[in-house]
Structure formats: C-alpha cells, structure tokens
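Q: The structure file entry.pdb (PDB, C-alpha atoms) is provided below.
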ATOM      1  CA  MET G  78       1.950   0.098  19.718
ATOM      2  CA  GLU G  79       2.460   3.309  17.780
ATOM      3  CA  ALA G  80      -0.615   5.410  17.187
ATOM      4  CA  ILE G  81      -0.376   5.987  13.456
ATOM      5  CA  ASP G  82       1.952   3.678  11.683
ATOM      6  CA  ILE G  83       2.339   4.704   8.047
ATOM      7  CA  LYS G  84       5.011   2.776   6.243
ATOM      8  CA  LYS G  85       6.916   3.337   3.029
ATOM      9  CA  LYS G  86       4.903   0.738   1.138
ATOM     10  CA  ASP G  87       1.666   2.515   2.048
ATOM     11  CA  PHE G  88       2.953   5.624   0.321
ATOM     12  CA  ILE G  89       4.038   3.609  -2.684
ATOM     13  CA  LEU G  90       0.543   2.123  -2.898
ATOM     14  CA  ILE G  91      -1.130   5.539  -2.695
ATOM     15  CA  CYS G  92       1.231   6.996  -5.317
ATOM     16  CA  LEU G  93       0.649   4.018  -7.596
ATOM     17  CA  LEU G  94      -3.122   4.467  -7.357
ATOM     18  CA  LEU G  95      -2.807   8.203  -8.014
ATOM     19  CA  VAL G  96      -0.712   7.518 -11.115
ATOM     20  CA  ILE G  97      -3.298   4.994 -12.377
ATOM     21  CA  ALA G  98      -6.079   7.541 -11.822
ATOM     22  CA  ALA G  99      -4.100  10.301 -13.549
ATOM     23  CA  VAL G 100      -3.291   8.102 -16.551
ATOM     24  CA  MET G 101      -6.906   7.002 -16.919
ATOM     25  CA  TYR G 102      -8.127  10.566 -16.635
ATOM     26  CA  GLY G 103      -5.510  11.712 -19.151
ATOM     27  CA  VAL G 104      -6.482   9.035 -21.643
ATOM     28  CA  TRP G 105     -10.135   9.932 -21.254
ATOM     29  CA  TYR G 106      -9.449  13.662 -21.470
ATOM     30  CA  PHE G 107      -7.339  13.540 -24.607
ATOM     31  CA  THR G 108      -9.396  10.971 -26.463
ATOM     32  CA  SER G 109     -12.737  12.625 -25.800
ATOM     33  CA  GLU G 110     -13.867  15.183 -28.322
ATOM     34  CA  LYS G 111     -15.377  18.497 -27.459
ATOM     35  CA  GLU G 112     -17.172  18.830 -30.771
ATOM     36  CA  ASN G 113     -19.109  16.543 -33.045
ATOM     37  CA  LEU G 114     -21.160  15.176 -30.202
ATOM     38  CA  TYR G 115     -24.627  13.772 -29.852
ATOM     39  CA  VAL G 116     -26.758  12.565 -26.969
ATOM     40  CA  GLN G 117     -27.594   8.905 -26.781
ATOM     41  CA  VAL G 118     -30.230   7.491 -24.467
ATOM     42  CA  THR G 119     -30.092   3.781 -23.761
ATOM     43  CA  VAL G 120     -32.643   1.791 -21.805
ATOM     44  CA  ASP G 121     -31.411  -1.524 -20.423
ATOM     45  CA  GLY G 122     -28.413  -1.435 -22.765
ATOM     46  CA  LYS G 123     -30.464  -0.865 -25.918
ATOM     47  CA  VAL G 124     -30.365   2.442 -27.793
ATOM     48  CA  TYR G 125     -33.674   4.205 -27.203
ATOM     49  CA  GLU G 126     -33.129   7.525 -28.989
ATOM     50  CA  THR G 127     -30.407   9.948 -30.032
ATOM     51  CA  TYR G 128     -30.636  13.718 -29.834
ATOM     52  CA  GLN G 129     -28.551  16.638 -31.089
ATOM     53  CA  THR G 130     -26.500  18.607 -28.559
ATOM     54  CA  ASP G 131     -26.517  21.872 -30.513
ATOM     55  CA  LYS G 132     -30.311  22.254 -30.368
ATOM     56  CA  ASP G 133     -31.945  23.332 -27.113
ATOM     57  CA  ALA G 134     -34.883  21.094 -26.310
ATOM     58  CA  VAL G 135     -36.622  19.010 -23.669
ATOM     59  CA  TYR G 136     -37.252  15.334 -24.292
ATOM     60  CA  LYS G 137     -39.239  12.812 -22.312
ATOM     61  CA  VAL G 138     -38.089   9.212 -22.197
ATOM     62  CA  GLU G 139     -40.931   6.915 -21.237
ATOM     63  CA  THR G 140     -40.438   3.220 -20.675
ATOM     64  CA  ASP G 141     -42.078   0.436 -18.702
ATOM     65  CA  ASN G 142     -39.770   1.299 -15.815
ATOM     66  CA  GLY G 143     -40.847   4.944 -15.618
ATOM     67  CA  TYR G 144     -39.966   8.264 -17.196
ATOM     68  CA  ASN G 145     -36.982  10.631 -17.330
ATOM     69  CA  VAL G 146     -37.094  14.161 -18.649
ATOM     70  CA  ILE G 147     -33.908  15.157 -20.449
ATOM     71  CA  GLU G 148     -33.026  18.753 -21.143
ATOM     72  CA  VAL G 149     -30.452  19.939 -23.685
ATOM     73  CA  LYS G 150     -29.448  23.538 -23.129
ATOM     74  CA  SER G 151     -26.523  25.237 -24.908
ATOM     75  CA  GLY G 152     -24.620  21.994 -25.290
ATOM     76  CA  LYS G 153     -25.195  20.819 -21.725
ATOM     77  CA  VAL G 154     -27.346  17.802 -21.032
ATOM     78  CA  SER G 155     -29.151  17.184 -17.762
ATOM     79  CA  VAL G 156     -32.029  15.178 -16.363
ATOM     80  CA  THR G 157     -34.621  17.594 -14.982
ATOM     81  CA  ASP G 158     -37.294  15.189 -13.796
ATOM     82  CA  ALA G 159     -37.688  11.461 -13.270
ATOM     83  CA  SER G 160     -40.089   8.925 -11.865
ATOM     84  CA  CYS G 161     -37.414   7.074  -9.905
ATOM     85  CA  PRO G 162     -37.638   7.210  -6.081
ATOM     86  CA  ASP G 163     -34.120   8.429  -5.303
ATOM     87  CA  LYS G 164     -33.883  11.234  -7.938
ATOM     88  CA  ILE G 165     -30.107  10.861  -8.060
ATOM     89  CA  CYS G 166     -30.068  11.375 -11.832
ATOM     90  CA  VAL G 167     -31.893  14.699 -11.378
ATOM     91  CA  HIS G 168     -29.315  15.917  -8.868
ATOM     92  CA  GLU G 169     -26.349  15.096 -11.065
ATOM     93  CA  ASN G 170     -24.436  17.841 -12.795
ATOM     94  CA  ALA G 171     -25.027  18.552 -16.459
ATOM     95  CA  ILE G 172     -22.765  16.695 -18.878
ATOM     96  CA  SER G 173     -21.220  18.126 -22.018
ATOM     97  CA  SER G 174     -18.147  16.199 -23.183
ATOM     98  CA  GLY G 175     -17.766  12.894 -24.951
ATOM     99  CA  GLY G 176     -17.930   9.786 -22.791
ATOM    100  CA  GLN G 177     -19.785  11.379 -19.900
ATOM    101  CA  SER G 178     -23.088   9.977 -18.794
ATOM    102  CA  ILE G 179     -25.931  10.322 -16.338
ATOM    103  CA  ILE G 180     -27.351   7.096 -15.037
ATOM    104  CA  CYS G 181     -30.751   6.339 -13.592
ATOM    105  CA  LEU G 182     -30.445   2.869 -12.104
ATOM    106  CA  PRO G 183     -34.079   2.223 -11.153
ATOM    107  CA  ASN G 184     -35.229   3.058 -14.692
ATOM    108  CA  LYS G 185     -32.115   1.482 -16.268
ATOM    109  CA  VAL G 186     -31.722   4.665 -18.314
ATOM    110  CA  VAL G 187     -28.289   5.915 -19.361
ATOM    111  CA  VAL G 188     -27.969   9.329 -20.956
ATOM    112  CA  SER G 189     -24.551   9.671 -22.579
ATOM    113  CA  VAL G 190     -22.777  12.236 -24.683
ATOM    114  CA  ILE G 191     -21.101  10.395 -27.529
ATOM    115  CA  GLU G 192     -18.659  11.406 -30.215
ATOM    116  CA  LYS G 193     -19.916  11.325 -33.749
ATOM    117  CA  LYS G 194     -17.630   9.154 -35.832
ATOM    118  CA  GLU G 195     -16.650  10.517 -39.232
ATOM    119  CA  LYS G 196     -18.544   7.746 -40.932
ATOM    120  CA  ASN G 197     -21.130   6.517 -38.521
ATOM    121  CA  ASP G 198     -22.588   3.159 -39.440
ATOM    122  CA  LYS G 199     -26.067   4.444 -38.751
ATOM    123  CA  GLU G 200     -25.660   7.233 -41.266
ATOM    124  CA  ILE G 201     -24.697   4.984 -44.136
ATOM    125  CA  ASP G 202     -27.757   4.376 -46.258
ATOM    126  CA  GLY G 203     -26.311   1.506 -48.227
ATOM    127  CA  VAL G 204     -23.091  -0.197 -49.147
ATOM    128  CA  VAL G 205     -22.310  -1.124 -52.735
ATOM    129  CA  LYS G 206     -19.676  -3.730 -53.247
TER     130      LYS G 206
ATOM    131  CA  MET Y 165     -15.908 -21.345  26.531
ATOM    132  CA  SER Y 166     -15.933 -17.900  28.115
ATOM    133  CA  LYS Y 167     -13.259 -16.873  25.627
ATOM    134  CA  ASN Y 168     -15.624 -17.720  22.776
ATOM    135  CA  ILE Y 169     -18.525 -15.844  24.347
ATOM    136  CA  LYS Y 170     -16.367 -12.751  24.736
ATOM    137  CA  ARG Y 171     -15.262 -13.076  21.163
ATOM    138  CA  VAL Y 172     -18.857 -13.244  19.931
ATOM    139  CA  ALA Y 173     -19.686 -10.239  22.098
ATOM    140  CA  TYR Y 174     -16.872  -8.207  20.560
ATOM    141  CA  ILE Y 175     -17.849  -9.190  17.026
ATOM    142  CA  GLY Y 176     -21.441  -8.171  17.805
ATOM    143  CA  LEU Y 177     -20.178  -4.889  19.175
ATOM    144  CA  LEU Y 178     -18.204  -4.213  15.993
ATOM    145  CA  ALA Y 179     -21.209  -5.131  13.835
ATOM    146  CA  ALA Y 180     -23.403  -2.700  15.782
ATOM    147  CA  PHE Y 181     -20.746  -0.033  15.388
ATOM    148  CA  ALA Y 182     -20.620  -0.662  11.636
ATOM    149  CA  VAL Y 183     -24.409  -0.270  11.400
ATOM    150  CA  VAL Y 184     -24.225   3.105  13.151
ATOM    151  CA  ILE Y 185     -21.430   4.317  10.858
ATOM    152  CA  SER Y 186     -23.414   3.260   7.800
ATOM    153  CA  TYR Y 187     -26.472   5.097   9.081
ATOM    154  CA  VAL Y 188     -24.500   8.290   9.704
ATOM    155  CA  GLU Y 189     -22.956   7.906   6.249
ATOM    156  CA  SER Y 190     -26.421   7.685   4.665
ATOM    157  CA  LEU Y 191     -27.231  11.073   6.208
ATOM    158  CA  LEU Y 192     -24.203  12.744   4.603
ATOM    159  CA  PRO Y 193     -25.098  14.522   1.369
ATOM    160  CA  ILE Y 194     -22.264  12.953  -0.601
ATOM    161  CA  ASN Y 195     -22.922  12.106  -4.216
ATOM    162  CA  ILE Y 196     -20.000  10.760  -6.209
ATOM    163  CA  GLY Y 197     -22.123  10.792  -9.341
ATOM    164  CA  ILE Y 198     -23.157   7.193  -9.574
ATOM    165  CA  PRO Y 199     -26.426   6.090  -7.992
ATOM    166  CA  GLY Y 200     -25.988   3.910  -4.942
ATOM    167  CA  VAL Y 201     -22.255   4.364  -4.646
ATOM    168  CA  LYS Y 202     -21.393   5.314  -1.086
ATOM    169  CA  PRO Y 203     -18.011   6.279   0.363
ATOM    170  CA  GLY Y 204     -17.840   3.183   2.564
ATOM    171  CA  LEU Y 205     -16.867   4.637   5.923
ATOM    172  CA  ALA Y 206     -17.948   1.426   7.658
ATOM    173  CA  ASN Y 207     -14.713   0.020   6.294
ATOM    174  CA  PHE Y 208     -13.313   1.469   9.527
ATOM    175  CA  VAL Y 209     -14.793  -1.440  11.467
ATOM    176  CA  ILE Y 210     -13.966  -4.001   8.805
ATOM    177  CA  VAL Y 211     -10.280  -3.059   8.753
ATOM    178  CA  ILE Y 212     -10.106  -3.424  12.539
ATOM    179  CA  ALA Y 213     -11.920  -6.768  12.407
ATOM    180  CA  LEU Y 214      -9.559  -7.953   9.680
ATOM    181  CA  TYR Y 215      -6.573  -7.259  11.929
ATOM    182  CA  GLU Y 216      -7.967  -8.326  15.294
ATOM    183  CA  PHE Y 217     -10.050 -11.278  14.141
ATOM    184  CA  ASN Y 218      -9.921 -12.873  10.684
ATOM    185  CA  VAL Y 219     -11.260 -12.561   7.123
ATOM    186  CA  LYS Y 220     -14.294 -14.730   7.900
ATOM    187  CA  ASP Y 221     -15.292 -12.641  10.909
ATOM    188  CA  ALA Y 222     -14.735  -9.413   8.977
ATOM    189  CA  PHE Y 223     -16.983 -10.704   6.210
ATOM    190  CA  MET Y 224     -19.697 -11.748   8.669
ATOM    191  CA  ILE Y 225     -19.618  -8.347  10.361
ATOM    192  CA  ASN Y 226     -19.963  -6.662   6.992
ATOM    193  CA  LEU Y 227     -22.792  -8.962   5.906
ATOM    194  CA  ILE Y 228     -24.706  -8.301   9.133
ATOM    195  CA  ARG Y 229     -24.205  -4.562   8.604
ATOM    196  CA  ILE Y 230     -25.349  -4.648   4.964
ATOM    197  CA  LEU Y 231     -28.489  -6.676   5.666
ATOM    198  CA  ILE Y 232     -29.529  -4.573   8.680
ATOM    199  CA  VAL Y 233     -28.807  -1.228   6.999
ATOM    200  CA  GLY Y 234     -30.292  -2.399   3.694
ATOM    201  CA  MET Y 235     -33.533  -3.524   5.308
ATOM    202  CA  MET Y 236     -33.870  -0.453   7.505
ATOM    203  CA  PHE Y 237     -32.847   2.391   5.206
ATOM    204  CA  GLY Y 238     -32.134   1.011   1.757
ATOM    205  CA  ASN Y 239     -33.593  -0.999  -1.059
ATOM    206  CA  LEU Y 240     -32.586  -3.951  -3.198
ATOM    207  CA  PHE Y 241     -30.203  -1.829  -5.233
ATOM    208  CA  SER Y 242     -28.351  -0.513  -2.228
ATOM    209  CA  ILE Y 243     -28.000  -4.044  -0.796
ATOM    210  CA  LEU Y 244     -26.662  -5.298  -4.128
ATOM    211  CA  PHE Y 245     -24.213  -2.415  -4.328
ATOM    212  CA  SER Y 246     -23.072  -2.790  -0.751
ATOM    213  CA  ILE Y 247     -22.454  -6.523  -1.059
ATOM    214  CA  SER Y 248     -20.462  -6.125  -4.265
ATOM    215  CA  GLY Y 249     -18.392  -3.319  -2.772
ATOM    216  CA  ALA Y 250     -17.886  -5.272   0.444
ATOM    217  CA  VAL Y 251     -16.803  -8.511  -1.226
ATOM    218  CA  VAL Y 252     -14.379  -6.831  -3.640
ATOM    219  CA  SER Y 253     -12.857  -4.611  -0.959
ATOM    220  CA  LEU Y 254     -12.496  -7.466   1.548
ATOM    221  CA  ILE Y 255     -10.717  -9.696  -0.988
ATOM    222  CA  VAL Y 256      -8.354  -6.862  -1.964
ATOM    223  CA  MET Y 257      -7.711  -5.914   1.687
ATOM    224  CA  ALA Y 258      -6.949  -9.516   2.656
ATOM    225  CA  LEU Y 259      -4.464  -9.750  -0.231
ATOM    226  CA  VAL Y 260      -2.823  -6.373   0.468
ATOM    227  CA  LYS Y 261      -2.539  -7.283   4.167
ATOM    228  CA  LYS Y 262      -0.361 -10.244   3.122
ATOM    229  CA  ILE Y 263       2.198  -7.903   1.518
ATOM    230  CA  LYS Y 264       5.154  -7.503   3.854
ATOM    231  CA  GLY Y 265       5.794  -3.952   5.035
ATOM    232  CA  MET Y 266       2.245  -2.834   4.356
ATOM    233  CA  SER Y 267       0.447  -1.364   7.351
ATOM    234  CA  LEU Y 268      -3.208  -1.002   8.227
ATOM    235  CA  PHE Y 269      -3.083   2.340   6.436
ATOM    236  CA  GLY Y 270      -2.299   0.876   3.014
ATOM    237  CA  VAL Y 271      -4.859  -1.882   3.559
ATOM    238  CA  SER Y 272      -7.503   0.736   4.294
ATOM    239  CA  VAL Y 273      -6.668   2.758   1.167
ATOM    240  CA  ALA Y 274      -6.697  -0.360  -1.017
ATOM    241  CA  GLY Y 275     -10.049  -1.335   0.498
ATOM    242  CA  GLY Y 276     -11.543   2.103  -0.134
ATOM    243  CA  VAL Y 277     -10.504   2.093  -3.787
ATOM    244  CA  ALA Y 278     -11.612  -1.518  -4.350
ATOM    245  CA  HIS Y 279     -14.955  -0.760  -2.691
ATOM    246  CA  ASN Y 280     -15.679   2.050  -5.159
ATOM    247  CA  VAL Y 281     -14.400   0.308  -8.259
ATOM    248  CA  GLY Y 282     -16.330  -2.870  -7.331
ATOM    249  CA  GLN Y 283     -19.538  -0.878  -7.095
ATOM    250  CA  LEU Y 284     -18.894   0.754 -10.458
ATOM    251  CA  ILE Y 285     -18.473  -2.651 -12.082
ATOM    252  CA  VAL Y 286     -21.861  -3.734 -10.711
ATOM    253  CA  ALA Y 287     -23.391  -0.452 -11.909
ATOM    254  CA  ALA Y 288     -21.985  -1.152 -15.388
ATOM    255  CA  PHE Y 289     -23.640  -4.569 -15.352
ATOM    256  CA  VAL Y 290     -26.986  -3.277 -14.086
ATOM    257  CA  VAL Y 291     -27.349  -0.613 -16.773
ATOM    258  CA  ASN Y 292     -25.571  -2.724 -19.395
ATOM    259  CA  THR Y 293     -23.191  -0.022 -20.482
ATOM    260  CA  TYR Y 294     -19.463   0.522 -20.369
ATOM    261  CA  THR Y 295     -19.381   4.244 -21.069
ATOM    262  CA  ILE Y 296     -19.315   4.930 -17.323
ATOM    263  CA  GLY Y 297     -15.669   3.844 -17.279
ATOM    264  CA  TYR Y 298     -14.580   7.467 -17.161
ATOM    265  CA  TYR Y 299     -15.785   7.550 -13.567
ATOM    266  CA  ILE Y 300     -12.983   5.210 -12.516
ATOM    267  CA  PRO Y 301     -10.304   7.892 -11.936
ATOM    268  CA  VAL Y 302     -12.781   9.896  -9.848
ATOM    269  CA  LEU Y 303     -13.642   6.811  -7.839
ATOM    270  CA  ILE Y 304      -9.977   5.912  -7.311
ATOM    271  CA  ILE Y 305      -9.291   9.389  -5.899
ATOM    272  CA  ALA Y 306     -12.425   9.212  -3.753
ATOM    273  CA  GLY Y 307     -11.333   5.777  -2.545
ATOM    274  CA  ILE Y 308      -7.873   7.047  -1.577
ATOM    275  CA  ILE Y 309      -9.410   9.920   0.389
ATOM    276  CA  THR Y 310     -11.861   7.707   2.285
ATOM    277  CA  GLY Y 311      -9.096   5.149   2.768
ATOM    278  CA  ILE Y 312      -6.928   7.762   4.469
ATOM    279  CA  LEU Y 313      -9.851   9.152   6.501
ATOM    280  CA  VAL Y 314     -10.711   5.638   7.636
ATOM    281  CA  GLY Y 315      -7.103   4.525   8.108
ATOM    282  CA  ILE Y 316      -6.079   7.151  10.644
ATOM    283  CA  PRO Y 317      -8.795   6.516  13.274
ATOM    284  CA  ALA Y 318      -8.799   2.774  12.547
ATOM    285  CA  SER Y 319      -5.082   2.636  13.268
ATOM    286  CA  ILE Y 320      -5.562   4.406  16.615
ATOM    287  CA  VAL Y 321      -8.655   2.476  17.706
ATOM    288  CA  ARG Y 322      -7.085  -0.796  16.706
ATOM    289  CA  GLY Y 323      -4.116  -0.064  18.948
ATOM    290  CA  VAL Y 324      -6.407   0.478  21.939
ATOM    291  CA  LEU Y 325      -8.666  -2.455  21.145
ATOM    292  CA  HIS Y 326      -5.682  -4.725  20.654
ATOM    293  CA  LYS Y 327      -4.547  -4.106  24.234
ATOM    294  CA  ILE Y 328      -8.019  -4.869  25.594
ATOM    295  CA  LEU Y 329      -8.345  -8.029  23.540
ATOM    296  CA  VAL Y 330      -4.901  -9.224  24.584
ATOM    297  CA  SER Y 331      -5.644  -8.561  28.262
ATOM    298  CA  GLU Y 332      -8.835 -10.583  27.898
ATOM    299  CA  ARG Y 333      -6.919 -13.224  25.949
ATOM    300  CA  ILE Y 334      -9.266 -13.087  22.975
ATOM    301  CA  SER Y 335      -6.864 -12.043  20.283
TER     302      SER Y 335
END
Translate this file's structure into structure tokens.
A:
Amino acid sequence: MEAIDIKKKDFILICLLLVIAAVMYGVWYFTSEKENLYVQVTVDGKVYETYQTDKDAVYKVETDNGYNVIEVKSGKVSVTDASCPDKICVHENAISSGGQSIICLPNKVVVSVIEKKEKNDKEIDGVVK
Amino acid sequence: MSKNIKRVAYIGLLAAFAVVISYVESLLPINIGIPGVKPGLANFVIVIALYEFNVKDAFMINLIRILIVGMMFGNLFSILFSISGAVVSLIVMALVKKIKGMSLFGVSVAGGVAHNVGQLIVAAFVVNTYTIGYYIPVLIIAGIITGILVGIPASIVRGVLHKILVSERIS
C-alpha cells in the first residue's frame, strides 16, 4: 500500500472548503461596519448592558455566575479580568469591528461589537400612527 | 475466539493512544478564540479506526477517550464540547468515506472541519448567541490544517497497521 495516497477528490474537497471559508469571510468583512459601533454585553442570551466604543472606560459585569471586567480603549474592547477558572476570555485578542465577540462560557457572558442601525428600535421613544 | 480477543486488544490500544494524543494536545498553547474548542488531533486514531475497524468501534474509541480525558484533565464543558465535536466529525467522516475516489486524506480533512464547526454550534447554543458565526471561516481553515496534519501520519500508520492486522487475520 502506498504511503501517502492523496487523490483528486481530496483536493477538490479541500478547495471547496477553502472557497466556502473565503466566501463567508468576504461576506462578513464587507457587511461589517468599521464605524457606528457599540459594545453589547449579553448574559445567557439576554442583553445585560451596552457601552460606547469611542469612550475609554473599564466596566465590571457582575452576575450570579461570576464577574468579567471589560475594558474599552481607543475603540478596542477586551476582557481584562474574570472570575472564570480557565481565563480564556482574558487571553483573547481585543475586538474592534462589527460582529466580533469575546465569549466567556463558564459565566455565559458574550461581549460583542455591534453595528448601530440608522434607526435603532431602542432609540425610538415612541411611535405615532 | 482468539480473533475477537486480539481485536479488543487492538481497539484498547488505539483508545489508549487517543488518550495520550489528547493529553499532549491539552498541553499545546493553541487558542482558536473560542473557549473549549480544541484542534482535535486525536482524530488521527479515529480515522485509522474508521478504516481498519468500523464506525461503531471508532465511536467507542472516541467515547472512551473523551470520558477518560474529560475526567482527568477537563470539566463538564470540555466533555460536552468533545462529544459534540466527536459525533459531528464521525458522522461526516463516515459519509465522506462512502464517496468513491475519496481517500483517507479527504476523510481526515472533512473530519477536522466538522469537528470544529460542530463545537462552534454547541458554543452558540451554550451562550445563546449567533453573533459568533464569523468564527466559522477561521474554524474551517483551522480544520483543514489539522485535517492535513492528521491525514499524513494517519495514512502512513494505517498502511503499516493494516499489514499487521491482515497477518493476524483481524481486519
């Protein structure tokens, strides 16, 4: 039996997967905005708090699961401290563009950078019909 | 009878090997960006088992590995992640293996990608959010790389093991 037996279909499969990855990345890249962003913190799928990205500050998110310290510095968002045992969220790189997120699984905390819609539902005070 | 005992011995050997690979993997400082998501190098053993034994045996080997590694070095999250990655990748690998003209190499790549994407889906459920979808392209690339890294040695080792198993009339 041959040592390494790479066939044509294997290459086709790899190329197909690369194309899928490239298309998905392209769609994400071109649809994500670089401006008009805000930081959204969700705990267990529910919105906990939103912060501005253009204001440097440190926020502490405290829930029943534990705490996460979120730092916003010149548009970049990172988690600087957390109560979770693995500290993976702390080691993650800072995020700055729309759609990116840092996840802390043990605390069920998701910190995401989100695009501000022109007319955000939350910003509408009332609707007159 | 003795054929069955030898078979069990080989499956046990592969399971032990998978545990060691998983342990070594846990020492590597690789962080794809999503908590609990691991490259899945133990797929090396699973691919071989899939070819030399069958889907059921490959699944059992993986389950033994996940439970042992999870109890020794991990936690509930890592067990959950591992099982989801293992199940998704095994189903995909078994299907890809059925495609004519596809070698162990393609099966390994498909398994690596499915392993990562499966774990991401579980992560999305755990944190109840879908914004992490942008990780998918990164995970596909990572899966292709691990698939290739796993596929090359797996292809060689399988060739050697196949001869041994045939000479012992197990396979």
Q: Kindly resolve the PyMOL selection byres ((chain G) within 8 of (chain Y)) on the present coordinates and return the residues as a count of residues only.
A: 38
Q: Could you check which of Y:Ser186, Y:Asn239, Y:Asn218, Y:Asn207 is closest to Asp163 of chain G, using only C-alpha atoms?
A: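 Among Y:Ser186, Y:Asn239, Y:Asn218, Y:Asn207, it is Y:Asn239 that comes nearest to Asp163 of chain G.
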Q: Can you turn the PyMOL selection byres ((chain G and resi 118) around 6) into a concrete residue list for this file, as a PDB file with C-alpha atoms, in the frame of the given file?
A:
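Writing the result to expr_32.pdb gives the following:
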ATOM      1  CA  GLN G 117     -27.594   8.905 -26.781  1.00  0.00           C
ATOM      2  CA  THR G 119     -30.092   3.781 -23.761  1.00  0.00           C
ATOM      3  CA  TYR G 125     -33.674   4.205 -27.203  1.00  0.00           C
ATOM      4  CA  GLU G 126     -33.129   7.525 -28.989  1.00  0.00           C
ATOM      5  CA  VAL G 187     -28.289   5.915 -19.361  1.00  0.00           C
ATOM      6  CA  VAL G 188     -27.969   9.329 -20.956  1.00  0.00           C
TER       7      VAL G 188
END
Q: Would you mind listing what lies within 9 Å of Leu205 of chain Y as a list of chain:residue names, with only C-alpha atoms counted and same-chain residues fewer than 4 positions away left out?
A: Y:Ala182, Y:Ile185, Y:Ser186, Y:Glu189, Y:Val209, Y:Gly276, Y:Thr310, Y:Gly311, Y:Leu313, Y:Val314
Q: Selected by the PyMOL selection byres ((chain Y and resi 229-231) around 8) in the shown coordinates: which residues, as a list of chain:residue names?
A: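 Selected by the PyMOL selection byres ((chain Y and resi 229-231) around 8) here: Y:Ala179, Y:Ala180, Y:Ala182, Y:Val183, Y:Ser186, Y:Ile225, Y:Asn226, Y:Leu227, Y:Ile228, Y:Ile232, Y:Val233, Y:Gly234, Y:Met235, Y:Ile243, Y:Ser246, Y:Ile247.
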Q: For the residues in that selection, give me C-alpha atoms as a compact mmCIF listing (two decimals), keeping the file's coordinate frame.
A:
# COMPACT_ATOMS: atom_id res chain seq x y z
CA ALA Y 179 -21.21 -5.13 13.84
CA ALA Y 180 -23.40 -2.70 15.78
CA ALA Y 182 -20.62 -0.66 11.64
CA VAL Y 183 -24.41 -0.27 11.40
CA SER Y 186 -23.41 3.26 7.80
CA ILE Y 225 -19.62 -8.35 10.36
CA ASN Y 226 -19.96 -6.66 6.99
CA LEU Y 227 -22.79 -8.96 5.91
CA ILE Y 228 -24.71 -8.30 9.13
CA ILE Y 232 -29.53 -4.57 8.68
CA VAL Y 233 -28.81 -1.23 7.00
CA GLY Y 234 -30.29 -2.40 3.69
CA MET Y 235 -33.53 -3.52 5.31
CA ILE Y 243 -28.00 -4.04 -0.80
CA SER Y 246 -23.07 -2.79 -0.75
CA ILE Y 247 -22.45 -6.52 -1.06
Q: Counting all atoms listed in the file, which residues have an atom no more than 10 Å from (-13.1, -9.2, 6.8) in the file's coordinates? Please list them as number ranges by chain.
A: Y: 207, 209-227, 250-251, 253-255, 257-258
Q: How far is it from atom CA of Val104 of chain G to atom CA of Ile285 of chain Y, in Å with one decimal?
A: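 Between atom CA of Val104 of chain G and atom CA of Ile285 of chain Y the gap works out to 19.3 Å.
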Q: Interatomic distance between atom CA of Gly152 of chain G and atom CA of Val135 of chain G?
A: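 If I compute the distance from atom CA of Gly152 of chain G to atom CA of Val135 of chain G, I get 12.5 Å.
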Q: Can you list, as a ChimeraX atom specification, every protein, DNA or RNA residue that comes within 7 Å of Asn184 of chain G when you count only C-alpha atoms, leaving out same-chain residues fewer than 3 positions away?
A: /G:142-143,161,181
Q: Residues of the last selection are to be written out with C-alpha atoms, as a CSV table (one decimal), in the coordinates of the input.
A:
chain,number,residue,atom,x,y,z
G,142,ASN,CA,-39.8,1.3,-15.8
G,143,GLY,CA,-40.8,4.9,-15.6
G,161,CYS,CA,-37.4,7.1,-9.9
G,181,CYS,CA,-30.8,6.3,-13.6
Q: Could you tell me how far atom CA of Tyr106 of chain G lies from atom CA of Val149 of chain G, in Å and to one decimal?
A: 22.0 Å
Q: Around the point (-39.5, 21.1, -28.9) (coordinates from the file), which residues reach within 12 Å if we count all atoms listed in the file? Answer as an MDAnalysis selection string.
A: chainID G and resid 128 132:137 147:150
Q: Complete the atoms of segment 123-134 of chain G to N, CA and C atoms and put them out as a PDB file, keeping the file's coordinate frame.
A:
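For reference, result18.pdb as written:
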ATOM      1  N   LYS G 123     -30.069  -1.041 -24.515  1.00  0.00           N
ATOM      2  CA  LYS G 123     -30.464  -0.865 -25.918  1.00  0.00           C
ATOM      3  C   LYS G 123     -30.651   0.623 -26.220  1.00  0.00           C
ATOM      4  N   VAL G 124     -30.247   1.030 -27.420  1.00  0.00           N
ATOM      5  CA  VAL G 124     -30.365   2.442 -27.793  1.00  0.00           C
ATOM      6  C   VAL G 124     -31.843   2.789 -27.944  1.00  0.00           C
ATOM      7  N   TYR G 125     -32.259   3.792 -27.188  1.00  0.00           N
ATOM      8  CA  TYR G 125     -33.674   4.205 -27.203  1.00  0.00           C
ATOM      9  C   TYR G 125     -33.879   5.340 -28.200  1.00  0.00           C
ATOM     10  N   GLU G 126     -33.000   6.348 -28.114  1.00  0.00           N
ATOM     11  CA  GLU G 126     -33.129   7.525 -28.989  1.00  0.00           C
ATOM     12  C   GLU G 126     -31.817   8.295 -28.972  1.00  0.00           C
ATOM     13  N   THR G 127     -31.555   9.050 -30.042  1.00  0.00           N
ATOM     14  CA  THR G 127     -30.407   9.948 -30.032  1.00  0.00           C
ATOM     15  C   THR G 127     -30.893  11.365 -30.320  1.00  0.00           C
ATOM     16  N   TYR G 128     -30.259  12.314 -29.652  1.00  0.00           N
ATOM     17  CA  TYR G 128     -30.636  13.718 -29.834  1.00  0.00           C
ATOM     18  C   TYR G 128     -29.402  14.540 -30.199  1.00  0.00           C
ATOM     19  N   GLN G 129     -29.659  15.728 -30.781  1.00  0.00           N
ATOM     20  CA  GLN G 129     -28.551  16.638 -31.089  1.00  0.00           C
ATOM     21  C   GLN G 129     -28.194  17.440 -29.838  1.00  0.00           C
ATOM     22  N   THR G 130     -26.897  17.794 -29.714  1.00  0.00           N
ATOM     23  CA  THR G 130     -26.500  18.607 -28.559  1.00  0.00           C
ATOM     24  C   THR G 130     -26.569  20.101 -28.870  1.00  0.00           C
ATOM     25  N   ASP G 131     -26.557  20.448 -30.160  1.00  0.00           N
ATOM     26  CA  ASP G 131     -26.517  21.872 -30.513  1.00  0.00           C
ATOM     27  C   ASP G 131     -27.917  22.485 -30.640  1.00  0.00           C
ATOM     28  N   LYS G 132     -28.950  21.726 -30.287  1.00  0.00           N
ATOM     29  CA  LYS G 132     -30.311  22.254 -30.368  1.00  0.00           C
ATOM     30  C   LYS G 132     -30.948  22.172 -28.975  1.00  0.00           C
ATOM     31  N   ASP G 133     -31.328  23.334 -28.437  1.00  0.00           N
ATOM     32  CA  ASP G 133     -31.945  23.332 -27.113  1.00  0.00           C
ATOM     33  C   ASP G 133     -33.334  22.695 -27.187  1.00  0.00           C
ATOM     34  N   ALA G 134     -33.573  21.744 -26.297  1.00  0.00           N
ATOM     35  CA  ALA G 134     -34.883  21.094 -26.310  1.00  0.00           C
ATOM     36  C   ALA G 134     -35.080  20.285 -25.036  1.00  0.00           C
TER      37      ALA G 134
END
